[in-house]
file entry_25.cif (mmCIF, C-alpha atoms)
data_my_file
loop_
_atom_site.label_atom_id
_atom_site.label_comp_id
_atom_site.auth_asym_id
_atom_site.auth_seq_id
_atom_site.Cartn_x
_atom_site.Cartn_y
_atom_site.Cartn_z
CA MET I 5 214.91 -23.26 74.78
CA GLU I 6 213.62 -23.73 71.22
CA VAL I 7 217.17 -23.98 69.87
CA LEU I 8 218.07 -26.52 72.56
CA SER I 9 214.99 -28.66 71.97
CA PHE I 10 215.57 -28.57 68.19
CA SER I 11 219.20 -29.61 68.70
CA ILE I 12 218.16 -32.50 70.95
CA GLY I 13 215.55 -33.46 68.35
CA VAL I 14 218.19 -33.55 65.62
CA ILE I 15 220.43 -35.70 67.82
CA GLY I 16 217.42 -37.92 68.49
CA ASN I 17 216.86 -38.29 64.75
CA VAL I 18 220.49 -39.32 64.20
CA ILE I 19 220.23 -41.94 66.95
CA SER I 20 216.89 -43.07 65.54
CA VAL I 21 218.52 -43.66 62.14
CA LEU I 22 221.13 -45.83 63.87
CA MET I 23 218.36 -47.62 65.76
CA PHE I 24 216.41 -48.38 62.58
CA LEU I 25 219.55 -49.63 60.83
CA SER I 26 220.95 -51.57 63.81
CA PRO I 27 219.46 -54.95 62.74
CA VAL I 28 221.23 -54.83 59.33
CA GLY I 29 223.79 -57.38 60.55
CA THR I 30 221.02 -59.71 61.66
CA PHE I 31 219.27 -59.53 58.31
CA TRP I 32 222.52 -59.99 56.41
CA ARG I 33 222.97 -63.20 58.42
CA ILE I 34 219.40 -64.26 57.54
CA ILE I 35 220.02 -63.68 53.82
CA LYS I 36 223.42 -65.38 53.95
CA HIS I 37 222.07 -68.47 55.74
CA GLY I 38 218.77 -68.48 53.84
CA SER I 39 216.81 -68.78 57.10
CA THR I 40 215.50 -66.63 59.94
CA GLU I 41 216.56 -69.39 62.38
CA GLU I 42 215.27 -68.52 65.88
CA PHE I 43 214.94 -64.75 65.33
CA GLU I 44 211.59 -63.15 66.16
CA SER I 45 209.68 -60.98 63.66
CA LEU I 46 207.59 -59.18 66.31
CA PRO I 47 210.09 -56.36 67.02
CA TYR I 48 210.14 -55.35 63.33
CA ILE I 49 206.38 -55.65 62.87
CA CYS I 50 205.77 -53.48 65.95
CA THR I 51 208.40 -50.96 64.89
CA LEU I 52 206.82 -50.67 61.41
CA LEU I 53 203.38 -49.95 62.90
CA ASN I 54 204.90 -47.58 65.43
CA SER I 55 206.78 -45.65 62.72
CA ALA I 56 203.68 -45.37 60.55
CA LEU I 57 201.54 -43.94 63.36
CA TRP I 58 204.23 -41.53 64.56
CA THR I 59 204.59 -40.29 60.97
CA TYR I 60 200.85 -39.64 60.91
CA TYR I 61 201.10 -37.91 64.31
CA GLY I 62 203.98 -35.73 63.09
CA ILE I 63 202.00 -34.74 60.00
CA ILE I 64 198.78 -33.73 61.76
CA LYS I 65 200.44 -31.97 64.73
CA PRO I 66 202.04 -28.59 63.98
CA GLY I 67 205.74 -28.25 64.76
CA GLU I 68 206.53 -31.97 64.81
CA VAL I 69 208.35 -32.21 61.47
CA LEU I 70 211.32 -33.98 63.14
CA VAL I 71 208.99 -36.73 64.36
CA ALA I 72 207.40 -37.15 60.92
CA THR I 73 210.63 -37.25 58.91
CA ILE I 74 212.54 -39.78 61.01
CA ASN I 75 209.57 -42.11 61.27
CA GLY I 76 208.99 -41.85 57.53
CA PHE I 77 212.52 -43.17 57.14
CA GLY I 78 211.67 -45.88 59.66
CA ILE I 79 208.74 -47.04 57.52
CA LEU I 80 211.06 -47.69 54.57
CA VAL I 81 213.64 -49.56 56.65
CA GLU I 82 211.19 -51.70 58.63
CA THR I 83 209.20 -52.59 55.49
CA THR I 84 212.44 -53.94 54.02
CA PHE I 85 213.19 -55.97 57.16
CA VAL I 86 209.69 -57.46 57.35
CA THR I 87 209.84 -58.36 53.65
CA VAL I 88 213.14 -60.18 54.16
CA PHE I 89 211.62 -62.01 57.11
CA LEU I 90 208.64 -63.14 55.00
CA LEU I 91 210.99 -64.39 52.27
CA TYR I 92 213.33 -66.41 54.48
CA ALA I 93 211.21 -67.58 57.42
CA PRO I 94 210.16 -71.26 57.72
CA ALA I 95 206.56 -71.95 56.67
CA LYS I 96 205.09 -71.82 60.19
CA SER I 97 206.95 -68.64 61.15
CA ARG I 98 206.15 -67.05 57.76
CA THR I 99 202.43 -67.67 58.27
CA LYS I 100 202.56 -66.20 61.77
CA THR I 101 204.46 -63.15 60.50
CA ALA I 102 202.08 -62.61 57.58
CA ILE I 103 199.05 -62.76 59.91
CA LEU I 104 200.61 -60.23 62.31
CA VAL I 105 201.53 -57.90 59.44
CA GLY I 106 197.98 -58.11 58.09
CA ILE I 107 196.38 -57.43 61.47
CA LEU I 108 198.76 -54.78 62.83
CA ASP I 109 200.56 -53.07 59.95
CA VAL I 110 197.62 -53.07 57.53
CA GLY I 111 194.31 -53.54 59.35
CA PHE I 112 195.01 -51.68 62.59
CA LEU I 113 196.85 -48.84 60.86
CA ALA I 114 194.11 -48.33 58.27
CA ALA I 115 191.43 -48.39 60.97
CA ALA I 116 193.31 -45.84 63.12
CA VAL I 117 193.72 -43.40 60.23
CA LEU I 118 190.13 -43.76 58.97
CA VAL I 119 188.49 -43.47 62.39
CA THR I 120 190.50 -40.42 63.44
CA GLN I 121 189.97 -38.71 60.07
CA LEU I 122 186.22 -39.34 59.93
CA ALA I 123 185.20 -39.13 63.58
CA LEU I 124 187.60 -36.65 65.18
CA GLN I 125 188.80 -33.12 64.53
CA GLY I 126 191.65 -30.85 65.66
CA GLU I 127 193.13 -31.48 69.10
CA LYS I 128 190.94 -34.54 69.72
CA ARG I 129 192.39 -36.22 66.64
CA ILE I 130 195.94 -35.36 67.73
CA ASP I 131 195.28 -36.62 71.27
CA ALA I 132 193.75 -39.89 70.02
CA ILE I 133 196.72 -40.64 67.76
CA GLY I 134 199.08 -39.54 70.53
CA PHE I 135 197.59 -42.09 72.93
CA LEU I 136 197.87 -44.83 70.29
CA CYS I 137 201.47 -43.90 69.52
CA ALA I 138 202.39 -43.85 73.19
CA GLY I 139 201.01 -47.34 73.77
CA LEU I 140 202.62 -48.77 70.65
CA ASN I 141 205.91 -47.10 71.44
CA ILE I 142 206.05 -48.96 74.74
CA LEU I 143 205.26 -52.19 72.87
CA MET I 144 208.04 -51.47 70.38
CA TYR I 145 210.60 -50.79 73.09
CA GLY I 146 209.65 -53.99 74.90
CA SER I 147 209.33 -56.18 71.80
CA PRO I 148 212.95 -57.48 71.87
CA LEU I 149 211.98 -59.05 75.20
CA ALA I 150 209.91 -61.52 73.11
CA ALA I 151 213.16 -63.46 72.86
CA THR I 152 213.57 -63.54 76.65
CA GLY I 153 212.32 -67.14 76.88
CA THR I 154 214.93 -68.27 74.37
CA VAL I 155 217.64 -66.25 76.11
CA VAL I 156 216.89 -67.73 79.55
CA THR I 157 216.42 -71.30 78.23
CA THR I 158 219.60 -71.36 76.14
CA LYS I 159 221.51 -69.02 78.46
CA SER I 160 222.60 -67.20 75.30
CA VAL I 161 221.74 -63.81 73.77
CA GLU I 162 222.50 -65.01 70.23
CA TYR I 163 218.91 -64.47 69.06
CA MET I 164 218.39 -61.17 70.90
CA PRO I 165 220.24 -58.66 68.67
CA PHE I 166 222.41 -56.47 70.90
CA PHE I 167 222.55 -53.35 68.74
CA LEU I 168 218.75 -53.22 68.42
CA SER I 169 218.37 -53.27 72.21
CA PHE I 170 221.26 -50.83 72.69
CA PHE I 171 219.94 -48.22 70.24
CA LEU I 172 216.37 -48.60 71.51
CA PHE I 173 217.78 -47.78 74.95
CA LEU I 174 219.81 -44.82 73.63
CA ASN I 175 216.97 -43.58 71.42
CA SER I 176 214.38 -43.64 74.19
CA GLY I 177 216.70 -41.74 76.53
CA THR I 178 217.32 -38.98 73.98
CA TRP I 179 213.65 -38.57 73.07
CA THR I 180 212.75 -38.50 76.77
CA ILE I 181 214.98 -35.42 77.15
CA TYR I 182 213.42 -33.86 74.02
CA ALA I 183 209.90 -34.53 75.32
CA LEU I 184 210.71 -32.86 78.63
CA LEU I 185 212.04 -29.77 76.83
CA VAL I 186 209.02 -29.34 74.52
CA GLY I 187 206.43 -30.54 77.07
CA ASP I 188 205.06 -33.35 74.88
CA TYR I 189 203.73 -36.02 77.25
CA PHE I 190 202.81 -38.35 74.39
CA LEU I 191 206.54 -38.56 73.68
CA LEU I 192 207.62 -38.51 77.33
CA VAL I 193 205.62 -41.44 78.73
CA PRO I 194 206.52 -44.10 76.11
CA ASN I 195 210.13 -43.04 75.80
CA GLY I 196 210.57 -42.94 79.56
CA SER I 197 209.09 -46.44 79.69
CA GLY I 198 211.34 -47.45 76.80
CA PHE I 199 214.37 -46.28 78.73
CA LEU I 200 213.44 -48.63 81.59
CA LEU I 201 212.68 -51.54 79.24
CA GLY I 202 215.96 -50.95 77.42
CA THR I 203 217.75 -51.11 80.75
CA VAL I 204 216.15 -54.52 81.43
CA GLN I 205 217.34 -55.80 78.04
CA LEU I 206 220.90 -54.64 78.66
CA VAL I 207 220.85 -56.28 82.10
CA LEU I 208 219.91 -59.55 80.37
CA TYR I 209 222.95 -59.08 78.15
CA ALA I 210 225.15 -58.55 81.18
CA ILE I 211 223.88 -61.82 82.66
CA TYR I 212 223.87 -64.03 79.55
CA ARG I 213 226.52 -62.41 77.35
CA LYS I 214 228.95 -65.35 77.63
CA PRO I 215 228.35 -67.89 74.85
CA ARG I 216 226.69 -71.11 75.92
CA ARG I 217 228.80 -74.22 75.47
CA SER I 218 226.94 -76.50 73.10
CA ASN I 219 226.20 -80.18 73.73
CA ASN I 220 228.48 -81.10 70.83
CA ASP I 221 231.36 -79.25 72.48
CA SER I 222 230.71 -81.01 75.77
CA GLU I 223 230.56 -84.41 74.07
CA ARG I 224 233.76 -83.70 72.13
CA LEU I 225 235.60 -82.69 75.31
CA GLN I 226 234.36 -85.82 77.08
CA GLU I 227 235.54 -88.03 74.20
CA GLU I 228 238.97 -86.34 74.23
CA TRP I 229 239.23 -86.86 77.98
CA GLN I 230 238.31 -90.54 77.64
CA HIS I 231 240.82 -90.93 74.79
CA GLU I 232 243.58 -89.37 76.91
CA CYS I 233 242.70 -91.71 79.77
CA LEU I 234 242.98 -94.75 77.46
CA ILE I 235 246.37 -93.58 76.17
CA SER I 236 247.58 -93.01 79.71
CA SER I 237 246.35 -96.43 80.78
CA SER I 238 247.96 -98.11 77.78
CA SER I 239 251.27 -96.41 78.41
CA HIS I 240 251.15 -97.46 82.05
CA ASP I 241 250.50 -101.11 81.12
CA GLN I 242 253.36 -101.15 78.57
CA SER I 243 255.80 -99.81 81.16
CA HIS I 244 255.20 -102.94 83.17
#

call {"tool": "encode", "arguments": {"input": "entry_25.cif", "output": "structure tokens"}}
result
Amino acid sequence: MEVLSFSIGVIGNVISVLMFLSPVGTFWRIIKHGSTEEFESLPYICTLLNSALWTYYGIIKPGEVLVATINGFGILVETTFVTVFLLYAPAKSRTKTAILVGILDVGFLAAAVLVTQLALQGEKRIDAIGFLCAGLNILMYGSPLAATGTVVTTKSVEYMPFFLSFFLFLNSGTWTIYALLVGDYFLLVPNGSGFLLGTVQLVLYAIYRKPRRSNNDSERLQEEWQHECLISSSSHDQSH
């Protein structure tokens, strides 16, 4: 059983690496265009906080080295993404992002570490951080749904990165299996919830995956139709 759970954990780490790196295409587009356009920063801010707390959890709980190492990698990746977002976001979005980073990734994280270190010991400290991680993990898995309003309004998934949603779905499913094998309910509850939330995101893709025809395209087609009608009418008149 230990060999099986370790193997699943390793597979989970590989998928987690792919999950953390899945938005690379999105951020390359941001750098190339010099703008974050309509992309949301919340998924990356939440994932950074989530990775930081899971790293802390993996450090203080014996036998969770796989959890600590992969989330340590996640801290580096998500810090890079958030930095790019701060550099290329419009003024209003940059201010909003900076405030969220300050509150969640700096203030909340520092408070969680200080309180649990000073006020709690042993299993109580592990349980407290486990509860925090579980709640934040659910938030991370659901964070791509922040773009749901844009998706439904525009009937397009352009600003809801597919690979992020796909690997969140795959990652949560793998870690759910791992949690069942090792009996870690702090991993089981959020990842099980993440699996359901990931399913919702993929269903949205199935519904809105076809690109929305823009107004410019519609206007251009209408103009071409009118032009063809004029030509046809002119030709008809000349024949008489």

call {"tool": "closest_atom_pairs", "arguments": {"input": "entry_25.cif", "of": "segment 81-157 of chain I", "to": "segment 19-23 of chain I", "cutoff": "12 Å", "atoms": "all atoms listed in the file", "output": "tab-separated table"}}
result
residue	atom	partner	partner_atom	distance
I:Val81	CA	I:Val21	CA	9.4
I:Glu82	CA	I:Met23	CA	10.9
I:Met144	CA	I:Met23	CA	11.9
I:Tyr145	CA	I:Met23	CA	11.1

call {"tool": "closest_residue", "arguments": {"input": "entry_25.cif", "among": "I:Ile130, I:Leu57, I:Leu25, I:Ile79", "to": "Asp188 of chain I", "atoms": "all atoms listed in the file"}}
result
I:Ile130

call {"tool": "resolve_selection", "arguments": {"input": "entry_25.cif", "expression": "the PyMOL selection byres ((chain I and resi 85) around 9)", "output": "VMD selection string"}}
result
chain I and resid 27 to 28 31 45 48 to 49 80 to 84 86 to 90

call {"tool": "resolve_selection", "arguments": {"input": "entry_25.cif", "expression": "the PyMOL selection byres ((chain I and resi 107-122) around 9)", "output": "list in words"}}
result
Ile49, Cys50, Leu52, Leu53, Asn54, Ala56, Leu57, Tyr60, Ala102, Ile103, Leu104, Val105, Gly106, Ala123, Leu124, Gln125, Lys128, Arg129, Ile130, Ala132, Ile133 and Leu136 of chain I

call {"tool": "closest_residue", "arguments": {"input": "entry_25.cif", "among": "I:Ser55, I:Asn75, I:Thr203, I:Glu41", "to": "Phe171 of chain I", "atoms": "only C-alpha atoms"}}
result
I:Thr203

call {"tool": "atom_distance", "arguments": {"input": "entry_25.cif", "atom1": "atom CA of Ser9 of chain I", "atom2": "atom CA of Gly202 of chain I"}}
result
23.0 Å

call {"tool": "residues_around", "arguments": {"input": "entry_25.cif", "residues": "Leu143 of chain I", "least_positions_apart": "2", "cutoff": "9 Å", "atoms": "all atoms listed in the file", "output": "PyMOL selection string"}}
result
chain I and resi 47+50-51+54+138-141+145-147+194+198

call {"tool": "atom_distance", "arguments": {"input": "entry_25.cif", "atom1": "atom CA of Thr158 of chain I", "atom2": "atom CA of Val207 of chain I"}}
result
16.3 Å

call {"tool": "atom_distance", "arguments": {"input": "entry_25.cif", "atom1": "atom CA of Val69 of chain I", "atom2": "atom CA of Val18 of chain I"}}
result
14.3 Å

call {"tool": "resolve_selection", "arguments": {"input": "entry_25.cif", "expression": "the PyMOL selection byres ((chain I and resi 33) around 12)", "output": "list in words"}}
result
Pro27, Val28, Gly29, Thr30, Phe31, Trp32, Ile34, Ile35, Lys36, His37, Gly38, Ser39, Thr40, Glu41, Glu42, Phe43, Val88, Phe89, Tyr92, Glu162, Tyr163 and Pro165 of chain I

call {"tool": "residues_around", "arguments": {"input": "entry_25.cif", "residues": "Val204 of chain I", "least_positions_apart": "5", "cutoff": "12 Å", "atoms": "only C-alpha atoms", "output": "list in words"}}
result
Tyr145, Gly146, Ser147, Pro148, Leu149, Thr152, Ser169, Phe170, Leu172, Phe173, Ser197, Gly198, Phe199, Tyr209, Ala210 and Ile211 of chain I
